[in-house]
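Undergrad: For reference, the file input30.pdb (PDB, C-alpha atoms, pLDDT in the B column) is included below:
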```
ATOM      1  CA  MET N 140      93.863-123.051  48.956  1.00 80.00           C
ATOM      2  CA  THR N 141      96.263-122.644  46.062  1.00 93.00           C
ATOM      3  CA  ALA N 142      96.475-119.564  43.846  1.00 94.00           C
ATOM      4  CA  VAL N 143      94.627-121.494  41.149  1.00 95.00           C
ATOM      5  CA  ASP N 144      91.837-122.294  43.617  1.00 94.00           C
ATOM      6  CA  ASP N 145      91.641-118.602  44.489  1.00 96.00           C
ATOM      7  CA  VAL N 146      91.329-117.608  40.823  1.00 97.00           C
ATOM      8  CA  LYS N 147      88.578-120.142  40.217  1.00 97.00           C
ATOM      9  CA  ALA N 148      86.755-119.069  43.384  1.00 97.00           C
ATOM     10  CA  GLU N 149      86.783-115.426  42.302  1.00 97.00           C
ATOM     11  CA  ILE N 150      85.434-116.390  38.897  1.00 97.00           C
ATOM     12  CA  ASP N 151      82.724-118.577  40.428  1.00 96.00           C
ATOM     13  CA  ALA N 152      81.707-115.734  42.739  1.00 97.00           C
ATOM     14  CA  VAL N 153      80.753-113.496  39.805  1.00 97.00           C
ATOM     15  CA  ALA N 154      79.517-116.199  37.414  1.00 97.00           C
ATOM     16  CA  ASP N 155      76.066-115.763  35.944  1.00 96.00           C
ATOM     17  CA  PRO N 156      74.295-118.881  34.605  1.00 96.00           C
ATOM     18  CA  GLU N 157      72.261-116.885  32.084  1.00 97.00           C
ATOM     19  CA  THR N 158      75.432-115.343  30.673  1.00 97.00           C
ATOM     20  CA  GLY N 159      76.945-118.816  30.594  1.00 96.00           C
ATOM     21  CA  ARG N 160      74.060-120.129  28.502  1.00 96.00           C
ATOM     22  CA  PHE N 161      74.387-117.204  26.109  1.00 96.00           C
ATOM     23  CA  LEU N 162      78.133-117.768  25.727  1.00 96.00           C
ATOM     24  CA  GLN N 163      77.614-121.482  25.124  1.00 95.00           C
ATOM     25  CA  GLY N 164      75.534-120.554  22.091  1.00 95.00           C
ATOM     26  CA  PHE N 165      77.649-117.619  20.941  1.00 96.00           C
ATOM     27  CA  PHE N 166      80.815-119.719  20.846  1.00 95.00           C
ATOM     28  CA  LYS N 167      79.136-122.602  19.015  1.00 95.00           C
ATOM     29  CA  THR N 168      79.646-125.370  21.567  1.00 95.00           C
ATOM     30  CA  GLY N 169      77.059-127.803  20.225  1.00 94.00           C
ATOM     31  CA  PRO N 170      77.760-131.160  18.549  1.00 95.00           C
ATOM     32  CA  GLY N 171      79.706-130.728  15.331  1.00 94.00           C
ATOM     33  CA  GLN N 172      80.308-127.016  15.906  1.00 95.00           C
ATOM     34  CA  TYR N 173      83.734-125.430  16.163  1.00 95.00           C
ATOM     35  CA  GLY N 174      83.553-125.051  19.954  1.00 95.00           C
ATOM     36  CA  GLU N 175      82.041-128.458  20.619  1.00 94.00           C
ATOM     37  CA  GLY N 176      82.310-129.417  24.263  1.00 93.00           C
ATOM     38  CA  ASP N 177      83.538-126.043  25.514  1.00 95.00           C
ATOM     39  CA  ARG N 178      81.945-124.986  28.810  1.00 96.00           C
ATOM     40  CA  PHE N 179      81.279-121.541  30.276  1.00 97.00           C
ATOM     41  CA  VAL N 180      80.521-120.453  33.815  1.00 97.00           C
ATOM     42  CA  GLY N 181      79.238-117.072  32.625  1.00 97.00           C
ATOM     43  CA  VAL N 182      81.789-114.272  33.198  1.00 97.00           C
ATOM     44  CA  ARG N 183      82.416-111.488  30.689  1.00 97.00           C
ATOM     45  CA  VAL N 184      85.899-110.504  29.515  1.00 97.00           C
ATOM     46  CA  PRO N 185      86.159-107.130  31.338  1.00 97.00           C
ATOM     47  CA  VAL N 186      85.438-108.878  34.639  1.00 97.00           C
ATOM     48  CA  LEU N 187      88.042-111.542  33.920  1.00 98.00           C
ATOM     49  CA  ARG N 188      90.592-108.857  33.138  1.00 97.00           C
ATOM     50  CA  ARG N 189      89.858-107.184  36.457  1.00 97.00           C
ATOM     51  CA  ILE N 190      90.326-110.458  38.336  1.00 98.00           C
ATOM     52  CA  ALA N 191      93.543-111.171  36.423  1.00 98.00           C
ATOM     53  CA  LYS N 192      95.147-108.004  37.828  1.00 97.00           C
ATOM     54  CA  GLY N 193      95.352-109.712  41.201  1.00 96.00           C
ATOM     55  CA  TYR N 194      97.291-112.697  39.861  1.00 97.00           C
ATOM     56  CA  THR N 195      99.945-111.248  37.589  1.00 96.00           C
ATOM     57  CA  ASP N 196     102.721-113.440  38.994  1.00 95.00           C
ATOM     58  CA  LEU N 197     101.168-116.882  38.592  1.00 97.00           C
ATOM     59  CA  SER N 198     103.765-119.551  37.905  1.00 96.00           C
ATOM     60  CA  PRO N 199     103.858-121.588  34.692  1.00 95.00           C
ATOM     61  CA  GLY N 200     102.508-124.523  36.670  1.00 96.00           C
ATOM     62  CA  ASP N 201      99.542-122.495  37.897  1.00 97.00           C
ATOM     63  CA  LEU N 202      98.858-121.187  34.403  1.00 97.00           C
ATOM     64  CA  ARG N 203      99.048-124.717  33.049  1.00 97.00           C
ATOM     65  CA  ASP N 204      96.492-125.860  35.638  1.00 97.00           C
ATOM     66  CA  LEU N 205      94.103-123.133  34.508  1.00 98.00           C
ATOM     67  CA  LEU N 206      94.717-123.949  30.857  1.00 97.00           C
ATOM     68  CA  ASP N 207      93.923-127.595  31.558  1.00 96.00           C
ATOM     69  CA  SER N 208      90.478-126.637  32.830  1.00 97.00           C
ATOM     70  CA  ALA N 209      87.362-127.550  30.884  1.00 95.00           C
ATOM     71  CA  MET N 210      85.979-124.080  31.682  1.00 97.00           C
ATOM     72  CA  HIS N 211      86.552-121.488  28.999  1.00 98.00           C
ATOM     73  CA  GLU N 212      86.920-118.603  31.440  1.00 98.00           C
ATOM     74  CA  HIS N 213      89.713-120.412  33.277  1.00 98.00           C
ATOM     75  CA  ARG N 214      91.684-120.805  30.060  1.00 98.00           C
ATOM     76  CA  LEU N 215      91.001-117.230  29.005  1.00 98.00           C
ATOM     77  CA  ILE N 216      92.137-115.694  32.298  1.00 98.00           C
ATOM     78  CA  ALA N 217      95.324-117.771  32.109  1.00 98.00           C
ATOM     79  CA  LEU N 218      96.041-116.278  28.680  1.00 98.00           C
ATOM     80  CA  VAL N 219      95.224-112.757  29.898  1.00 98.00           C
ATOM     81  CA  ILE N 220      97.769-113.240  32.687  1.00 98.00           C
ATOM     82  CA  LEU N 221     100.314-114.757  30.279  1.00 97.00           C
ATOM     83  CA  VAL N 222      99.985-111.802  27.896  1.00 97.00           C
ATOM     84  CA  GLY N 223     100.358-109.457  30.865  1.00 97.00           C
ATOM     85  CA  GLN N 224     103.577-111.211  31.823  1.00 96.00           C
ATOM     86  CA  TRP N 225     104.741-110.915  28.212  1.00 95.00           C
ATOM     87  CA  LYS N 226     104.075-107.174  28.134  1.00 94.00           C
ATOM     88  CA  ALA N 227     105.816-106.648  31.476  1.00 93.00           C
ATOM     89  CA  SER N 228     108.831-108.623  30.274  1.00 88.00           C
ATOM     90  CA  ALA N 229     108.972-106.821  26.942  1.00 73.00           C
ATOM     91  CA  ALA N 230     108.932-103.497  28.818  1.00 68.00           C
ATOM     92  CA  GLY N 231     111.596-104.694  31.242  1.00 62.00           C
ATOM     93  CA  ARG N 232     109.416-104.164  34.311  1.00 53.00           C
ATOM     94  CA  GLY N 233     110.345-106.209  37.329  1.00 47.00           C
ATOM     95  CA  ASP N 234     113.452-107.481  35.589  1.00 48.00           C
ATOM     96  CA  ASP N 235     116.859-106.667  37.108  1.00 50.00           C
ATOM     97  CA  GLY N 236     118.894-108.785  34.742  1.00 49.00           C
ATOM     98  CA  GLY N 237     119.088-106.475  31.760  1.00 51.00           C
ATOM     99  CA  VAL N 238     118.534-107.213  28.096  1.00 51.00           C
ATOM    100  CA  GLU N 239     119.835-110.774  28.182  1.00 50.00           C
ATOM    101  CA  VAL N 240     117.487-111.821  30.978  1.00 49.00           C
ATOM    102  CA  ARG N 241     114.522-110.100  29.308  1.00 58.00           C
ATOM    103  CA  HIS N 242     115.336-111.901  26.080  1.00 70.00           C
ATOM    104  CA  GLY N 243     115.396-115.209  27.926  1.00 83.00           C
ATOM    105  CA  ARG N 244     112.122-114.478  29.672  1.00 88.00           C
ATOM    106  CA  ARG N 245     110.386-113.610  26.398  1.00 91.00           C
ATOM    107  CA  ALA N 246     111.695-116.823  24.813  1.00 92.00           C
ATOM    108  CA  GLU N 247     110.415-118.803  27.798  1.00 95.00           C
ATOM    109  CA  LEU N 248     106.933-117.279  27.569  1.00 96.00           C
ATOM    110  CA  HIS N 249     106.877-117.814  23.810  1.00 95.00           C
ATOM    111  CA  ARG N 250     107.788-121.493  24.155  1.00 96.00           C
ATOM    112  CA  PHE N 251     105.232-121.993  26.914  1.00 97.00           C
ATOM    113  CA  TYR N 252     102.540-120.499  24.702  1.00 98.00           C
ATOM    114  CA  LEU N 253     103.486-122.603  21.683  1.00 97.00           C
ATOM    115  CA  ASP N 254     103.405-125.757  23.788  1.00 97.00           C
ATOM    116  CA  THR N 255      99.980-124.756  25.105  1.00 97.00           C
ATOM    117  CA  LEU N 256      98.666-124.005  21.627  1.00 98.00           C
ATOM    118  CA  ARG N 257      99.953-127.255  20.159  1.00 97.00           C
ATOM    119  CA  ALA N 258      98.497-129.201  23.064  1.00 96.00           C
ATOM    120  CA  GLY N 259      95.035-127.955  22.090  1.00 96.00           C
ATOM    121  CA  ARG N 260      94.405-125.741  25.116  1.00 96.00           C
ATOM    122  CA  VAL N 261      94.090-122.485  23.163  1.00 97.00           C
ATOM    123  CA  ASN N 262      91.045-123.751  21.361  1.00 96.00           C
ATOM    124  CA  ASN N 263      88.582-121.037  20.489  1.00 97.00           C
ATOM    125  CA  TRP N 264      88.798-117.891  18.417  1.00 97.00           C
ATOM    126  CA  ASP N 265      88.711-115.421  21.304  1.00 98.00           C
ATOM    127  CA  LEU N 266      91.558-117.252  23.048  1.00 98.00           C
ATOM    128  CA  ILE N 267      93.685-117.040  19.895  1.00 98.00           C
ATOM    129  CA  ASP N 268      92.794-113.421  19.216  1.00 98.00           C
ATOM    130  CA  ALA N 269      93.757-112.366  22.744  1.00 97.00           C
ATOM    131  CA  SER N 270      97.195-113.952  22.649  1.00 98.00           C
ATOM    132  CA  ALA N 271      98.796-114.911  19.312  1.00 98.00           C
ATOM    133  CA  GLU N 272      99.669-111.374  18.237  1.00 97.00           C
ATOM    134  CA  TYR N 273     101.866-110.993  21.304  1.00 97.00           C
ATOM    135  CA  LEU N 274     103.293-114.384  22.151  1.00 97.00           C
ATOM    136  CA  ILE N 275     104.043-115.344  18.553  1.00 96.00           C
ATOM    137  CA  GLY N 276     103.969-112.186  16.442  1.00 95.00           C
ATOM    138  CA  GLU N 277     105.720-109.782  18.794  1.00 94.00           C
ATOM    139  CA  TYR N 278     108.238-112.467  19.694  1.00 93.00           C
ATOM    140  CA  LEU N 279     109.211-112.975  16.037  1.00 92.00           C
ATOM    141  CA  LEU N 280     109.238-109.229  15.470  1.00 89.00           C
ATOM    142  CA  GLY N 281     111.423-108.643  18.514  1.00 83.00           C
ATOM    143  CA  GLU N 282     113.833-111.317  17.408  1.00 72.00           C
ATOM    144  CA  GLY N 283     114.271-109.541  14.097  1.00 64.00           C
ATOM    145  CA  ALA N 284     113.024-112.693  12.381  1.00 58.00           C
ATOM    146  CA  ASP N 285     111.891-112.536   8.794  1.00 64.00           C
ATOM    147  CA  PRO N 286     108.676-114.582   8.926  1.00 58.00           C
ATOM    148  CA  ARG N 287     109.034-115.287   5.229  1.00 59.00           C
ATOM    149  CA  LYS N 288     112.209-117.212   6.113  1.00 60.00           C
ATOM    150  CA  SER N 289     111.210-118.474   9.565  1.00 70.00           C
ATOM    151  CA  PRO N 290     109.441-121.846   9.474  1.00 88.00           C
ATOM    152  CA  LEU N 291     107.161-121.164  12.435  1.00 94.00           C
ATOM    153  CA  LEU N 292     104.316-119.326  10.740  1.00 95.00           C
ATOM    154  CA  ASP N 293     104.388-121.738   7.807  1.00 93.00           C
ATOM    155  CA  GLU N 294     104.297-124.704  10.183  1.00 96.00           C
ATOM    156  CA  LEU N 295     101.332-123.282  12.084  1.00 97.00           C
ATOM    157  CA  ALA N 296      99.527-122.324   8.872  1.00 96.00           C
ATOM    158  CA  ALA N 297      99.861-125.926   7.649  1.00 96.00           C
ATOM    159  CA  ALA N 298      98.639-127.514  10.903  1.00 97.00           C
ATOM    160  CA  PRO N 299      95.512-129.704  10.948  1.00 97.00           C
ATOM    161  CA  SER N 300      94.086-127.615  13.800  1.00 97.00           C
ATOM    162  CA  GLN N 301      92.296-124.480  12.699  1.00 97.00           C
ATOM    163  CA  TRP N 302      93.367-122.856  15.981  1.00 98.00           C
ATOM    164  CA  GLU N 303      97.034-123.175  15.071  1.00 98.00           C
ATOM    165  CA  ARG N 304      96.285-121.849  11.593  1.00 98.00           C
ATOM    166  CA  ARG N 305      94.357-118.937  13.081  1.00 98.00           C
ATOM    167  CA  ALA N 306      97.248-118.244  15.455  1.00 98.00           C
ATOM    168  CA  ALA N 307      99.589-117.958  12.457  1.00 97.00           C
ATOM    169  CA  VAL N 308      97.327-115.396  10.814  1.00 98.00           C
ATOM    170  CA  LEU N 309      96.683-113.375  13.980  1.00 98.00           C
ATOM    171  CA  ALA N 310     100.407-113.365  14.767  1.00 97.00           C
ATOM    172  CA  THR N 311     100.933-111.240  11.670  1.00 96.00           C
ATOM    173  CA  PHE N 312      98.976-108.404  13.307  1.00 97.00           C
ATOM    174  CA  ALA N 313     102.201-107.493  15.104  1.00 96.00           C
ATOM    175  CA  PHE N 314     103.929-107.062  11.735  1.00 95.00           C
ATOM    176  CA  ILE N 315     101.029-105.040  10.350  1.00 97.00           C
ATOM    177  CA  LYS N 316     101.280-102.676  13.323  1.00 97.00           C
ATOM    178  CA  SER N 317     105.004-102.309  12.644  1.00 95.00           C
ATOM    179  CA  GLY N 318     104.276-101.332   9.031  1.00 96.00           C
ATOM    180  CA  ASP N 319     105.130-104.644   7.334  1.00 95.00           C
ATOM    181  CA  PRO N 320     102.245-106.217   5.377  1.00 96.00           C
ATOM    182  CA  MET N 321     104.221-109.012   3.749  1.00 94.00           C
ATOM    183  CA  PRO N 322     103.746-111.791   6.357  1.00 94.00           C
ATOM    184  CA  THR N 323      99.978-111.274   6.213  1.00 96.00           C
ATOM    185  CA  LEU N 324      99.860-111.205   2.427  1.00 96.00           C
ATOM    186  CA  ALA N 325     101.992-114.339   2.166  1.00 94.00           C
ATOM    187  CA  LEU N 326      99.822-116.330   4.579  1.00 96.00           C
ATOM    188  CA  ALA N 327      96.614-115.015   3.039  1.00 97.00           C
ATOM    189  CA  GLY N 328      97.703-116.357  -0.329  1.00 96.00           C
ATOM    190  CA  ARG N 329      98.408-119.768   1.193  1.00 95.00           C
ATOM    191  CA  LEU N 330      95.100-119.929   3.045  1.00 97.00           C
ATOM    192  CA  LEU N 331      92.673-118.943   0.296  1.00 96.00           C
ATOM    193  CA  GLY N 332      91.399-122.507   0.166  1.00 94.00           C
ATOM    194  CA  ASP N 333      91.097-123.069   3.915  1.00 97.00           C
ATOM    195  CA  PRO N 334      87.833-124.919   4.598  1.00 96.00           C
ATOM    196  CA  GLU N 335      86.964-123.235   7.904  1.00 97.00           C
ATOM    197  CA  PRO N 336      84.673-120.168   8.014  1.00 97.00           C
ATOM    198  CA  LEU N 337      86.509-118.827  11.056  1.00 97.00           C
ATOM    199  CA  MET N 338      89.697-118.823   9.009  1.00 98.00           C
ATOM    200  CA  HIS N 339      87.972-116.905   6.228  1.00 98.00           C
ATOM    201  CA  LYS N 340      87.068-114.251   8.797  1.00 98.00           C
ATOM    202  CA  ALA N 341      90.568-114.145  10.277  1.00 98.00           C
ATOM    203  CA  VAL N 342      92.331-113.798   6.922  1.00 98.00           C
ATOM    204  CA  GLY N 343      89.845-111.192   5.706  1.00 98.00           C
ATOM    205  CA  TRP N 344      90.232-109.237   8.926  1.00 98.00           C
ATOM    206  CA  MET N 345      94.029-109.120   8.662  1.00 98.00           C
ATOM    207  CA  LEU N 346      93.835-108.119   4.994  1.00 98.00           C
ATOM    208  CA  ARG N 347      91.492-105.302   5.959  1.00 98.00           C
ATOM    209  CA  GLU N 348      94.027-104.168   8.574  1.00 98.00           C
ATOM    210  CA  VAL N 349      96.754-104.138   5.929  1.00 98.00           C
ATOM    211  CA  GLY N 350      94.662-101.683   3.928  1.00 97.00           C
ATOM    212  CA  LYS N 351      93.778 -99.558   6.953  1.00 97.00           C
ATOM    213  CA  ARG N 352      97.127 -99.435   8.722  1.00 97.00           C
ATOM    214  CA  VAL N 353      99.844 -99.988   6.122  1.00 97.00           C
ATOM    215  CA  SER N 354      98.998 -99.670   2.453  1.00 95.00           C
ATOM    216  CA  ARG N 355      95.739 -99.487   0.561  1.00 96.00           C
ATOM    217  CA  ASP N 356      97.708-100.257  -2.605  1.00 97.00           C
ATOM    218  CA  ASP N 357      99.022-103.516  -1.124  1.00 97.00           C
ATOM    219  CA  LEU N 358      95.496-104.583  -0.238  1.00 98.00           C
ATOM    220  CA  LEU N 359      94.170-103.661  -3.667  1.00 97.00           C
ATOM    221  CA  GLY N 360      97.026-105.504  -5.347  1.00 97.00           C
ATOM    222  CA  PHE N 361      96.193-108.643  -3.389  1.00 98.00           C
ATOM    223  CA  LEU N 362      92.517-108.305  -4.236  1.00 98.00           C
ATOM    224  CA  ASP N 363      93.250-107.722  -7.920  1.00 97.00           C
ATOM    225  CA  ALA N 364      95.198-110.985  -8.006  1.00 97.00           C
ATOM    226  CA  ASN N 365      92.996-113.105  -5.748  1.00 97.00           C
ATOM    227  CA  ALA N 366      89.435-111.785  -5.406  1.00 96.00           C
ATOM    228  CA  GLY N 367      88.030-114.454  -7.699  1.00 95.00           C
ATOM    229  CA  GLY N 368      89.470-117.222  -5.539  1.00 95.00           C
ATOM    230  CA  MET N 369      88.589-115.786  -2.134  1.00 97.00           C
ATOM    231  CA  PRO N 370      85.718-117.218  -0.089  1.00 96.00           C
ATOM    232  CA  ARG N 371      82.854-114.743   0.117  1.00 96.00           C
ATOM    233  CA  THR N 372      83.285-114.080   3.830  1.00 97.00           C
ATOM    234  CA  MET N 373      87.019-113.459   3.452  1.00 97.00           C
ATOM    235  CA  LEU N 374      86.376-111.058   0.586  1.00 97.00           C
ATOM    236  CA  SER N 375      83.638-109.281   2.534  1.00 97.00           C
ATOM    237  CA  TYR N 376      85.877-108.712   5.543  1.00 98.00           C
ATOM    238  CA  ALA N 377      88.851-107.630   3.413  1.00 98.00           C
ATOM    239  CA  THR N 378      86.854-105.037   1.471  1.00 97.00           C
ATOM    240  CA  GLU N 379      84.850-103.696   4.404  1.00 96.00           C
ATOM    241  CA  HIS N 380      86.545-100.284   4.468  1.00 94.00           C
ATOM    242  CA  LEU N 381      86.766 -99.751   0.732  1.00 96.00           C
ATOM    243  CA  ALA N 382      84.469 -97.366  -1.082  1.00 95.00           C
ATOM    244  CA  PRO N 383      81.096 -98.894  -1.996  1.00 95.00           C
ATOM    245  CA  ASP N 384      81.900 -98.988  -5.701  1.00 95.00           C
ATOM    246  CA  GLN N 385      85.227-100.756  -5.050  1.00 95.00           C
ATOM    247  CA  ARG N 386      83.556-103.303  -2.776  1.00 95.00           C
ATOM    248  CA  ALA N 387      80.912-103.981  -5.379  1.00 95.00           C
ATOM    249  CA  ALA N 388      83.508-104.391  -8.138  1.00 95.00           C
ATOM    250  CA  TYR N 389      85.552-106.944  -6.201  1.00 96.00           C
ATOM    251  CA  ARG N 390      82.473-108.860  -5.120  1.00 93.00           C
ATOM    252  CA  ALA N 391      81.357-109.025  -8.730  1.00 93.00           C
ATOM    253  CA  VAL N 392      84.582-110.682  -9.910  1.00 92.00           C
ATOM    254  CA  PRO N 393      83.709-114.107 -11.385  1.00 89.00           C
ATOM    255  CA  ARG N 394      84.433-116.993  -9.035  1.00 83.00           C
ATOM    256  CA  ARG N 395      87.159-119.417  -9.964  1.00 79.00           C
TER     257      ARG N 395
END
```
The structure in this file should be written as structure tokens.

TA:
Amino acid sequence: MTAVDDVKAEIDAVADPETGRFLQGFFKTGPGQYGEGDRFVGVRVPVLRRIAKGYTDLSPGDLRDLLDSAMHEHRLIALVILVGQWKASAAGRGDDGGVEVRHGRRAELHRFYLDTLRAGRVNNWDLIDASAEYLIGEYLLGEGADPRKSPLLDELAAAPSQWERRAAVLATFAFIKSGDPMPTLALAGRLLGDPEPLMHKAVGWMLREVGKRVSRDDLLGFLDANAGGMPRTMLSYATEHLAPDQRAAYRAVPRR
């Protein structure tokens, strides 16, 4: 058996059909829904993370095999392992080549992830949310890139796939955590008219984090300028931690 076979066997051994049926509904896998065609064996995330600890050194080829699987849990565990490799590389663990080798390893993981994303394998919101902050956002942050000048986030935000657009937004979480709200605010302004409800949630969530972690004034300034043009769900998420009277005032702004 290959390492990939071993991973799948461990997942199958703890799979629960009832959980699988629940997840099929939770992740909207029916005809015309955002997760149409996705399949679940029925394993929760904490269990997958435990299994992943035994396979931290899977090769890119093995990870690609898992990411090619029709089973959601196979793709998710591959991303958990990939993020683990990213964190180990960023910390310099297991790397005897110094800064230059670590830099090269991070670039390699970043490119692998982008190729995977653009190939449509990172194709549900939980997969994006578990990975984009690190393999896109932290990479750009570590490179000292100004995302307002780098084309990558703009390219992803303009992609036809909502998963690439969501990855652009979630990547900005790394900048929020570093104290820089500007990448999030810039993308939020571009994506006000996005047609997908999941994007409304993602943008609203990141705006909320700007207010919580960086600057309430920056969030309020964005809301003052844009509340009337924000989808209701986006506005609801963005204002979640404001005082009740502030939330009510922004939600009462006439729609435009």

Undergrad: Could you state the separation of atom CA of N:Arg386 and atom CA of N:Ala364 in Å, given to one decimal place?

TA: 14.9 Å

Undergrad: Exactly which residues make up the result of the PyMOL selection byres ((chain N and resi 246-253) around 8) on this file, given as an NGL selection string?

TA: :N and (199 or 221 or 225 or 242-245 or 254-257 or 274-275 or 278)

Undergrad: Report as a list of chain:residue names all protein, DNA and RNA residues lying within 8 Å of stretch 143-155 of chain N, evaluated on all atoms listed in the file, omitting residues in the same chain fewer than 2 positions from it.

TA: N:Met140, N:Thr141, N:Glu157, N:Thr158, N:Gly159, N:Val180, N:Gly181, N:Val182, N:Leu187, N:Ile190, N:Tyr194, N:Asp201, N:Leu202, N:Asp204, N:Leu205, N:Glu212, N:His213

Undergrad: Rounded to one decimal place, report the atom CA of N:Arg305-atom CA of N:Asp293 distance in Å.

TA: 11.7 Å

Undergrad: Using all atoms listed in the file, which residue out of N:Ser228, N:Leu280, N:Thr323, N:Phe179 lies closest to N:Lys167?

TA: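 For N:Lys167, the nearest of the candidates is N:Phe179.
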
Undergrad: Report as a list in words the residues that result from applying the PyMOL selection byres ((chain N and resi 325-342) around 8) to the structure here.

TA: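 On this input, the PyMOL selection byres ((chain N and resi 325-342) around 8) captures Trp264, Arg287, Asp293, Ala296, Gln301, Arg304, Arg305, Val308, Leu309, Met321, Pro322, Thr323, Leu324, Gly343, Trp344, Met345, Leu346, Asn365, Gly368, Met369, Pro370, Thr372, Met373, Tyr376 and Ala377 of chain N.
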